[in-house]
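Visitor: What follows is protein39.cif, mmCIF, C-alpha atoms.
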data_run
#
loop_
_atom_site.label_atom_id
_atom_site.label_comp_id
_atom_site.auth_asym_id
_atom_site.auth_seq_id
_atom_site.Cartn_x
_atom_site.Cartn_y
_atom_site.Cartn_z
CA MET K 1 17.26 38.29 26.13
CA LYS K 2 17.30 36.99 22.61
CA SER K 3 19.15 33.80 23.59
CA ARG K 4 16.68 33.19 26.42
CA ALA K 5 13.73 33.65 24.07
CA SER K 6 15.18 31.24 21.52
CA PHE K 7 15.90 28.52 24.12
CA PRO K 8 12.31 27.11 24.16
CA ARG K 9 12.35 27.01 20.36
CA VAL K 10 15.63 25.09 20.30
CA LEU K 11 14.42 22.74 23.03
CA GLY K 12 11.20 22.10 21.13
CA ARG K 13 13.14 21.33 17.97
CA ILE K 14 15.44 18.93 19.83
CA LEU K 15 12.47 17.13 21.37
CA THR K 16 10.86 16.88 17.93
CA TYR K 17 14.00 15.28 16.48
CA VAL K 18 14.28 12.89 19.43
CA LEU K 19 10.64 11.86 19.06
CA ALA K 20 11.07 11.35 15.30
CA ILE K 21 14.15 9.18 15.89
CA LEU K 22 12.33 7.08 18.50
CA ILE K 23 9.38 6.54 16.16
CA ALA K 24 11.74 5.57 13.32
CA LEU K 25 13.56 3.10 15.59
CA TRP K 26 10.26 1.67 16.76
CA ILE K 27 9.33 0.96 13.13
CA LEU K 28 12.74 -0.06 11.78
CA ALA K 29 13.98 -2.22 14.66
CA PRO K 30 11.59 -5.16 14.01
CA ILE K 31 12.32 -4.98 10.28
CA TYR K 32 16.05 -5.07 10.97
CA LEU K 33 15.79 -7.99 13.39
CA ILE K 34 13.70 -9.97 10.90
CA GLY K 35 16.32 -9.22 8.23
CA VAL K 36 19.13 -10.44 10.52
CA SER K 37 17.33 -13.74 11.06
CA ALA K 38 16.42 -14.03 7.37
CA PHE K 39 20.03 -13.66 6.19
CA GLY K 40 21.72 -15.63 8.93
CA GLU K 41 22.18 -19.35 9.38
CA LYS K 42 19.05 -21.33 10.11
CA LEU K 43 20.28 -22.22 13.59
CA SER K 44 20.77 -18.52 14.44
CA ALA K 45 16.98 -18.10 14.46
CA TYR K 46 16.88 -20.17 17.66
CA THR K 47 19.65 -18.29 19.50
CA TYR K 48 18.96 -15.78 22.26
CA PRO K 49 19.77 -12.95 22.48
CA ARG K 50 19.50 -12.26 18.78
CA PRO K 51 22.77 -11.33 17.04
CA PHE K 52 23.02 -7.69 16.02
CA TRP K 53 24.53 -8.65 12.67
CA PRO K 54 24.12 -11.92 10.68
CA ALA K 55 27.45 -13.68 11.13
CA PRO K 56 28.12 -15.28 8.80
CA PHE K 57 25.98 -13.51 6.22
CA THR K 58 24.29 -16.18 4.14
CA ILE K 59 21.24 -16.64 1.92
CA GLU K 60 20.70 -20.15 3.24
CA THR K 61 17.51 -19.25 5.11
CA MET K 62 16.10 -17.19 2.23
CA SER K 63 16.90 -19.96 -0.26
CA PHE K 64 15.18 -22.42 2.03
CA PHE K 65 12.06 -20.26 1.93
CA LEU K 66 12.10 -19.61 -1.83
CA LYS K 67 12.59 -23.30 -2.62
CA SER K 68 9.62 -24.29 -0.49
CA GLY K 69 6.64 -25.65 -2.37
CA GLY K 70 4.33 -23.08 -3.94
CA VAL K 71 6.28 -19.95 -2.94
CA ILE K 72 7.31 -18.82 -6.43
CA LYS K 73 3.81 -19.43 -7.79
CA SER K 74 2.26 -17.51 -4.89
CA VAL K 75 4.62 -14.57 -5.54
CA GLN K 76 3.48 -14.47 -9.16
CA SER K 77 -0.16 -14.54 -8.03
CA SER K 78 0.47 -11.70 -5.56
CA VAL K 79 2.09 -9.53 -8.23
CA ILE K 80 -0.70 -10.17 -10.75
CA VAL K 81 -3.43 -9.45 -8.20
CA ALA K 82 -1.71 -6.28 -6.96
CA MET K 83 -1.15 -4.89 -10.45
CA ILE K 84 -4.73 -5.62 -11.59
CA THR K 85 -6.03 -4.02 -8.38
CA LEU K 86 -3.82 -0.99 -8.92
CA VAL K 87 -4.99 -0.47 -12.50
CA LEU K 88 -8.69 -1.02 -11.78
CA SER K 89 -8.79 1.16 -8.66
CA THR K 90 -6.98 3.98 -10.47
CA LEU K 91 -9.14 3.81 -13.60
CA ILE K 92 -12.33 3.82 -11.51
CA GLY K 93 -11.29 5.88 -8.48
CA ALA K 94 -9.48 8.76 -10.21
CA PRO K 95 -12.47 9.83 -12.40
CA ALA K 96 -14.77 9.44 -9.39
CA GLY K 97 -12.48 11.62 -7.28
CA TYR K 98 -12.25 14.21 -10.04
CA THR K 99 -16.04 14.29 -10.37
CA ILE K 100 -16.52 14.82 -6.64
CA ALA K 101 -13.93 17.59 -6.58
CA ARG K 102 -15.03 19.48 -9.70
CA PHE K 103 -18.78 19.07 -10.10
CA ILE K 104 -21.70 19.91 -7.85
CA PHE K 105 -24.53 17.40 -8.14
CA SER K 106 -27.40 16.15 -6.04
CA GLY K 107 -26.30 13.57 -3.49
CA ARG K 108 -22.58 14.39 -3.60
CA ASP K 109 -22.23 14.47 0.19
CA ALA K 110 -24.25 11.28 0.51
CA PHE K 111 -21.97 9.63 -2.06
CA ARG K 112 -18.93 10.61 -0.01
CA LEU K 113 -20.52 9.13 3.10
CA ILE K 114 -21.36 5.91 1.29
CA VAL K 115 -17.78 5.61 0.03
CA VAL K 116 -16.40 6.01 3.55
CA SER K 117 -19.00 3.68 5.10
CA THR K 118 -17.93 0.77 2.87
CA ARG K 119 -14.76 0.48 4.97
CA SER K 120 -16.83 -0.07 8.11
CA PHE K 121 -17.88 -3.55 6.99
CA PRO K 122 -15.61 -6.41 8.14
CA ILE K 123 -13.90 -8.26 5.31
CA VAL K 124 -15.61 -11.51 6.29
CA ILE K 125 -19.02 -9.96 5.48
CA LEU K 126 -17.82 -9.28 1.93
CA SER K 127 -15.61 -12.33 1.37
CA ILE K 128 -18.03 -15.15 2.15
CA PRO K 129 -20.93 -13.92 -0.05
CA LEU K 130 -18.45 -13.13 -2.81
CA ALA K 131 -16.98 -16.63 -2.51
CA VAL K 132 -20.45 -18.13 -3.05
CA THR K 133 -21.07 -15.76 -5.99
CA PHE K 134 -17.72 -16.55 -7.61
CA ILE K 135 -18.40 -20.29 -7.26
CA GLU K 136 -21.71 -19.85 -9.08
CA TRP K 137 -20.02 -17.78 -11.79
CA GLY K 138 -17.12 -20.19 -12.18
CA MET K 139 -14.59 -17.55 -11.04
CA TYR K 140 -13.64 -19.07 -7.68
CA ASP K 141 -9.95 -19.68 -6.95
CA SER K 142 -8.83 -17.15 -9.55
CA VAL K 143 -6.47 -14.19 -9.35
CA TYR K 144 -9.08 -12.12 -11.18
CA SER K 145 -11.78 -12.71 -8.57
CA LEU K 146 -9.34 -11.82 -5.79
CA ALA K 147 -8.30 -8.68 -7.69
CA LEU K 148 -11.95 -7.60 -7.85
CA MET K 149 -12.21 -8.08 -4.10
CA HIS K 150 -9.06 -6.05 -3.46
CA THR K 151 -10.33 -3.35 -5.82
CA ALA K 152 -13.48 -3.05 -3.73
CA LEU K 153 -11.31 -2.65 -0.63
CA ALA K 154 -8.98 -0.09 -2.22
CA LEU K 155 -11.53 2.09 -4.04
CA PRO K 156 -12.58 4.16 -0.99
CA PHE K 157 -8.96 5.18 -0.35
CA THR K 158 -8.37 5.96 -4.01
CA ILE K 159 -11.53 8.06 -4.35
CA LEU K 160 -10.94 10.04 -1.16
CA ILE K 161 -7.27 10.72 -1.91
CA THR K 162 -7.81 11.73 -5.53
CA SER K 163 -10.81 13.92 -4.70
CA SER K 164 -8.72 15.79 -2.13
CA VAL K 165 -5.87 16.17 -4.62
CA PHE K 166 -8.07 17.51 -7.43
CA ALA K 167 -9.87 19.82 -5.01
CA SER K 168 -6.51 21.41 -4.12
CA ILE K 169 -5.77 22.22 -7.79
CA PRO K 170 -7.26 25.61 -8.73
CA ARG K 171 -10.03 25.29 -11.24
CA ASP K 172 -8.93 28.59 -12.77
CA LEU K 173 -6.01 26.79 -14.40
CA GLU K 174 -8.34 24.53 -16.37
CA GLU K 175 -10.56 27.48 -17.31
CA ALA K 176 -7.52 29.42 -18.50
CA ALA K 177 -6.46 26.49 -20.66
CA GLN K 178 -9.94 26.29 -22.15
CA THR K 179 -9.84 30.00 -23.07
CA LEU K 180 -6.61 29.25 -24.98
CA GLY K 181 -8.27 26.62 -27.12
CA CYS K 182 -8.17 23.43 -25.05
CA SER K 183 -11.25 21.31 -24.61
CA GLN K 184 -12.26 20.24 -21.11
CA LEU K 185 -10.61 16.85 -21.61
CA GLU K 186 -7.41 18.42 -22.97
CA ALA K 187 -7.33 20.86 -20.04
CA PHE K 188 -7.62 17.91 -17.66
CA LEU K 189 -4.90 15.89 -19.38
CA ARG K 190 -2.45 18.79 -19.79
CA ILE K 191 -3.06 20.78 -16.60
CA SER K 192 -4.81 18.90 -13.80
CA LEU K 193 -3.45 15.41 -14.37
CA PRO K 194 0.29 16.37 -14.21
CA LEU K 195 -0.37 18.41 -11.06
CA ALA K 196 -2.28 15.48 -9.53
CA LEU K 197 0.48 12.91 -10.14
CA PRO K 198 1.83 13.09 -6.55
CA GLY K 199 -1.61 12.34 -5.17
CA LEU K 200 -2.18 9.55 -7.68
CA ALA K 201 1.20 8.10 -6.71
CA ALA K 202 0.15 8.11 -3.06
CA ALA K 203 -3.11 6.37 -3.97
CA THR K 204 -1.28 3.70 -5.97
CA LEU K 205 1.09 3.16 -3.04
CA PHE K 206 -1.78 2.50 -0.65
CA THR K 207 -3.48 0.28 -3.20
CA PHE K 208 -0.40 -1.83 -3.91
CA VAL K 209 0.48 -2.29 -0.24
CA LEU K 210 -3.13 -3.12 0.67
CA SER K 211 -3.38 -5.75 -2.06
CA TRP K 212 0.06 -7.23 -1.41
CA ASN K 213 -0.48 -7.61 2.34
CA GLU K 214 -4.17 -8.59 2.36
CA VAL K 215 -4.59 -12.12 3.65
CA PHE K 216 -8.12 -12.84 4.90
CA ALA K 217 -9.96 -12.54 1.59
CA ALA K 218 -7.09 -14.32 -0.16
CA VAL K 219 -7.49 -17.33 2.15
CA ILE K 220 -11.24 -17.51 1.55
CA LEU K 221 -11.30 -16.84 -2.19
CA THR K 222 -8.34 -19.00 -3.26
CA VAL K 223 -7.17 -22.58 -2.77
CA ARG K 224 -4.61 -23.47 -5.43
CA ASN K 225 -3.81 -19.92 -6.59
CA ARG K 226 -2.99 -18.45 -3.19
CA THR K 227 -1.12 -15.20 -2.81
CA LEU K 228 2.08 -15.14 -0.78
CA PRO K 229 0.54 -13.86 2.51
CA ALA K 230 -2.23 -16.47 2.25
CA LEU K 231 0.28 -19.25 1.61
CA VAL K 232 2.52 -18.18 4.49
CA LEU K 233 -0.46 -17.95 6.85
CA THR K 234 -1.82 -21.39 5.97
CA VAL K 235 1.53 -23.13 6.58
CA LEU K 236 2.72 -20.87 9.41
CA SER K 237 1.83 -23.16 12.31
CA GLU K 238 3.61 -26.09 10.65
CA SER K 239 6.68 -24.14 9.50
CA GLN K 240 10.09 -23.90 11.03
CA LEU K 241 11.12 -20.61 12.63
CA PRO K 242 13.65 -19.69 9.87
CA TYR K 243 10.86 -20.09 7.29
CA ARG K 244 8.74 -17.55 9.19
CA PHE K 245 11.51 -14.96 9.39
CA ALA K 246 12.42 -15.37 5.71
CA GLY K 247 8.77 -15.19 4.68
CA GLY K 248 8.15 -12.06 6.75
CA PHE K 249 11.18 -10.27 5.30
CA PHE K 250 10.41 -11.34 1.73
CA MET K 251 6.85 -10.01 1.98
CA MET K 252 8.15 -6.60 3.08
CA VAL K 253 10.59 -6.15 0.21
CA PRO K 254 8.13 -5.36 -2.66
CA SER K 255 6.34 -2.72 -0.58
CA LEU K 256 9.64 -1.05 0.33
CA ILE K 257 10.82 -1.08 -3.29
CA PHE K 258 7.50 0.37 -4.47
CA MET K 259 7.71 3.17 -1.89
CA LEU K 260 11.27 4.02 -2.96
CA PHE K 261 10.17 4.07 -6.58
CA ILE K 262 7.43 6.68 -6.07
CA ARG K 263 8.94 8.60 -3.14
CA ARG K 264 9.65 11.66 -5.27
CA TYR K 265 5.95 11.99 -6.00
CA LEU K 266 5.16 11.66 -2.31
CA LEU K 267 7.70 14.36 -1.45
CA ASN K 268 6.06 16.67 -3.95
CA LEU K 269 2.68 15.85 -2.42
CA TRP K 270 3.82 16.69 1.12
CA GLY K 271 5.84 19.69 -0.01
CA ARG K 272 9.44 20.68 0.51
CA VAL K 273 10.80 23.09 3.07
CA THR K 274 13.09 25.65 1.51
CA LYS K 275 14.81 28.71 2.87
#
As C-alpha cells, what does this structure read like?
Guide:
Amino acid sequence: MKSRASFPRVLGRILTYVLAILIALWILAPIYLIGVSAFGEKLSAYTYPRPFWPAPFTIETMSFFLKSGGVIKSVQSSVIVAMITLVLSTLIGAPAGYTIARFIFSGRDAFRLIVVSTRSFPIVILSIPLAVTFIEWGMYDSVYSLALMHTALALPFTILITSSVFASIPRDLEEAAQTLGCSQLEAFLRISLPLALPGLAAATLFTFVLSWNEVFAAVILTVRNRTLPALVLTVLSESQLPYRFAGGFFMMVPSLIFMLFIRRYLLNLWGRVTK
C-alpha cells in the first residue's frame, strides 16, 4: 500500500525533472548553436545541418567581429552606460523601496501604481521627446544621456524588488537594534542592508541585463557613441552571417558572467532546500 501511494509522488517528481530539463534545453540550445558558429570557421556558418561541435575550434570568426570598425568603442560605451545605470538605479530605487516597505504615508498605494504604470509606455514615447530635450541641453549622443534613459527604464524594477525585499525583513530586528543603542540609520546599515543584499543583487542583475541589451533607445539617442547592441543592429542587414553569430554570442557573455558573479546572492534570495 505504501509503495502504491508513493508512486504518484515519484511520477510527479520525474515529470517535474523532465519538464525542467526540456525548458533548460529550450533556452540553452540556441546559445550553444550560436557559440558553435561563433567559434568555428567562417565558412561553417553557411553549412547545413549545423555541426554539433566547432571543428576545427578557432577564434577566426570572433576576431573578425572584434576587429570590425567601432566594436571595441561600442563595448566600452555599453559597459559605461550599464554601470552608470546600475549605480543610479540602486542609489535611487533602494531608498524608495525601503520607504515604501517601512513607512505608511498618504498616497503610498498610488505611488506604487504610478511606478508600475511607467512600464506601460512604449520606449518610443519616451525616447523621441528625450532626444529633442537632450539636443536642446547639449547632451545628445552621450553615454550619460543614454544612462539616464536606461535608469528611467530600470527604476520600476529596482523599486518593486527592493520594496518586496525590505518588506520581508522583520521590522522588529531594527527596533531591537535601536534599543541596544543604534540609531535608525545604523540599524538599517547593520541589520536590514546585509539581509537585503540578495534582493539588491537580483535588482542589479535585472538592471545590468536591461541596460546591456537595450537597443531601441540607444539607436535613437546615440550616433557616434553607440552601444554594442545598437551598433550590431544598425549594421546587421549589411553584415556577413559569421559577424551576426559572433556578435550575438559576444553580447551574451557579459550577462552570463554577471549572473555567475552574483548567483550566490540569488540562491540566498530564493532559499535553499535542506534536509
Visitor: Just the residues within 9 Å of Pro95 of chain K, please, counting only C-alpha atoms, with nothing from its chain fewer than 5 positions along; format it as a PyMOL selection string.
Guide: chain K and resi 90+100+159+162-163
Visitor: Could you check how far atom CA of Thr85 of chain K sits from atom CA of Arg226 of chain K, in Å to one decimal?
Guide: 15.6 Å
Visitor: Using only C-alpha atoms, find the one residue out of K:Val253, K:Leu88, K:Val209, K:Val116 that sits nearest to Ile31 of chain K.
Guide: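 Answer, going by the shortest atom-to-atom distance: K:Val253.
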Visitor: Might you pull out every residue within 12 Å of Ser145 of chain K, with only C-alpha atoms counted and same-chain residues fewer than 4 positions away left off, and present them as a VMD selection string?
Guide: chain K and resid 77 80 to 81 84 to 85 127 130 to 135 137 to 141 149 to 152 217 to 218 220 to 222 225 to 226
Visitor: Return as number ranges by chain the set of residues that the PyMOL selection byres ((chain K and resi 66) around 12) yields on the displayed structure.
Guide: K: 38, 59-65, 67-75, 228, 232, 242-244, 246-247, 249-251
Visitor: Between atom CA of Leu185 of chain K and atom CA of Gly107 of chain K, what is the distance, to one decimal in Å?
Guide: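 About the pair atom CA of Leu185 of chain K and atom CA of Gly107 of chain K: they are 24.2 Å apart.
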Visitor: For the file shown, report as a VMD selection string the outcome of the PyMOL selection byres ((chain K and resi 57) around 10) at residue level.
Guide: chain K and resid 36 to 41 53 to 56 58 to 60
Visitor: May I have the residues from that selection written out with C-alpha atoms, as a compact mmCIF listing (two decimals), in the coordinates of the input?
Guide:
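New file out-v6.txt:
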# COMPACT_ATOMS: atom_id res chain seq x y z
CA VAL K 36 19.13 -10.44 10.52
CA SER K 37 17.33 -13.74 11.06
CA ALA K 38 16.42 -14.03 7.37
CA PHE K 39 20.03 -13.66 6.19
CA GLY K 40 21.72 -15.63 8.93
CA GLU K 41 22.18 -19.35 9.38
CA TRP K 53 24.53 -8.65 12.67
CA PRO K 54 24.12 -11.92 10.68
CA ALA K 55 27.45 -13.68 11.13
CA PRO K 56 28.12 -15.28 8.80
CA THR K 58 24.29 -16.18 4.14
CA ILE K 59 21.24 -16.64 1.92
CA GLU K 60 20.70 -20.15 3.24
Visitor: For segment 177-179 of chain K, work out the shell of residues within 8 Å, counting all atoms listed in the file and skipping chain neighbours fewer than 5 positions away, then give it as number ranges by chain.
Guide: K: 184, 187, 191
Visitor: Take the residues just selected and output them with C-alpha atoms as an mmCIF file, in the frame of the given file.
Guide:
data_model
loop_
_atom_site.group_PDB
_atom_site.id
_atom_site.type_symbol
_atom_site.label_atom_id
_atom_site.label_comp_id
_atom_site.auth_asym_id
_atom_site.auth_seq_id
_atom_site.Cartn_x
_atom_site.Cartn_y
_atom_site.Cartn_z
ATOM 1 C CA GLN K 184 -12.260 20.240 -21.110
ATOM 2 C CA ALA K 187 -7.330 20.860 -20.040
ATOM 3 C CA ILE K 191 -3.060 20.780 -16.600
#
Visitor: Using only C-alpha atoms, pick whichever of K:Ile114, K:Ser142, K:Thr99, K:Ala82 has the shortest atom-to-atom distance to Phe166 of chain K.
Guide: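 Of all the options, K:Thr99 lies closest to Phe166 of chain K.
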Visitor: Quick check, in Å to one decimal: how far apart do atom CA of Gly199 of chain K and atom CA of Ile257 of chain K lie?
Guide: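 One can read the atom CA of Gly199 of chain K to atom CA of Ile257 of chain K distance as 18.4 Å.
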Visitor: Which residue out of K:Val79, K:Ile21, K:Pro170, K:Leu193 has the minimum interatomic distance to Pro229 of chain K when all atoms listed in the file are used?
Guide: K:Val79
Visitor: Could you tell me, as a PyMOL selection string, exactly which residues end up selected when the PyMOL selection byres ((chain K and resi 160) around 9) is applied to this structure?
Guide: chain K and resi 93+97+112+115-116+155-159+161-165
Visitor: Between K:Met83, K:Leu22, K:Ala147, K:Ala167, which residue has the minimum interatomic distance to Phe258 of chain K, considering only C-alpha atoms?
Guide: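 Ranked by minimum distance to Phe258 of chain K, first place goes to K:Met83.
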Visitor: Nearest residue to Val143 of chain K out of K:Thr227, K:Ser211, K:Thr118, K:Ser255, using all atoms listed in the file?
Guide: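 Comparing K:Thr227, K:Ser211, K:Thr118, K:Ser255 against Val143 of chain K, the winner is K:Thr227.
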Visitor: Taking only C-alpha atoms into account, name the residue in K:Val18, K:Ser120, K:Phe188, K:Leu233 that is nearest to Glu214 of chain K.
Guide: K:Leu233
Visitor: Find the residues with any atom within 7 Å of (-11.2, -11.8, 9.6); use only C-alpha atoms and the coordinates as given in the file, and write the answer as a list in words.
Guide: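 In the file's frame, the residues around the point are Ile123, Val124 and Phe216 of chain K.
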Visitor: Could segment 200-212 of chain K be completed with N, CA and C atoms and written as a CSV table (one decimal), keeping the file's coordinate frame, please?
Guide:
chain,number,residue,atom,x,y,z
K,200,LEU,N,-1.9,10.8,-7.1
K,200,LEU,CA,-2.2,9.6,-7.7
K,200,LEU,C,-1.1,8.5,-7.3
K,201,ALA,N,0.1,9.0,-7.2
K,201,ALA,CA,1.2,8.1,-6.7
K,201,ALA,C,0.9,7.6,-5.3
K,202,ALA,N,0.5,8.5,-4.4
K,202,ALA,CA,0.2,8.1,-3.1
K,202,ALA,C,-1.0,7.1,-3.1
K,203,ALA,N,-2.0,7.3,-3.9
K,203,ALA,CA,-3.1,6.4,-4.0
K,203,ALA,C,-2.7,5.0,-4.5
K,204,THR,N,-1.8,5.0,-5.5
K,204,THR,CA,-1.3,3.7,-6.0
K,204,THR,C,-0.4,3.0,-4.9
K,205,LEU,N,0.3,3.8,-4.1
K,205,LEU,CA,1.1,3.2,-3.0
K,205,LEU,C,0.2,2.4,-2.1
K,206,PHE,N,-0.9,3.1,-1.6
K,206,PHE,CA,-1.8,2.5,-0.6
K,206,PHE,C,-2.5,1.3,-1.3
K,207,THR,N,-2.8,1.4,-2.5
K,207,THR,CA,-3.5,0.3,-3.2
K,207,THR,C,-2.6,-0.9,-3.3
K,208,PHE,N,-1.3,-0.7,-3.7
K,208,PHE,CA,-0.4,-1.8,-3.9
K,208,PHE,C,-0.1,-2.5,-2.6
K,209,VAL,N,0.2,-1.7,-1.5
K,209,VAL,CA,0.5,-2.3,-0.2
K,209,VAL,C,-0.7,-3.0,0.3
K,210,LEU,N,-1.9,-2.5,0.2
K,210,LEU,CA,-3.1,-3.1,0.7
K,210,LEU,C,-3.3,-4.5,0.0
K,211,SER,N,-3.2,-4.5,-1.3
K,211,SER,CA,-3.4,-5.8,-2.1
K,211,SER,C,-2.3,-6.8,-1.7
K,212,TRP,N,-1.1,-6.3,-1.7
K,212,TRP,CA,0.1,-7.2,-1.4
K,212,TRP,C,0.0,-7.9,0.0
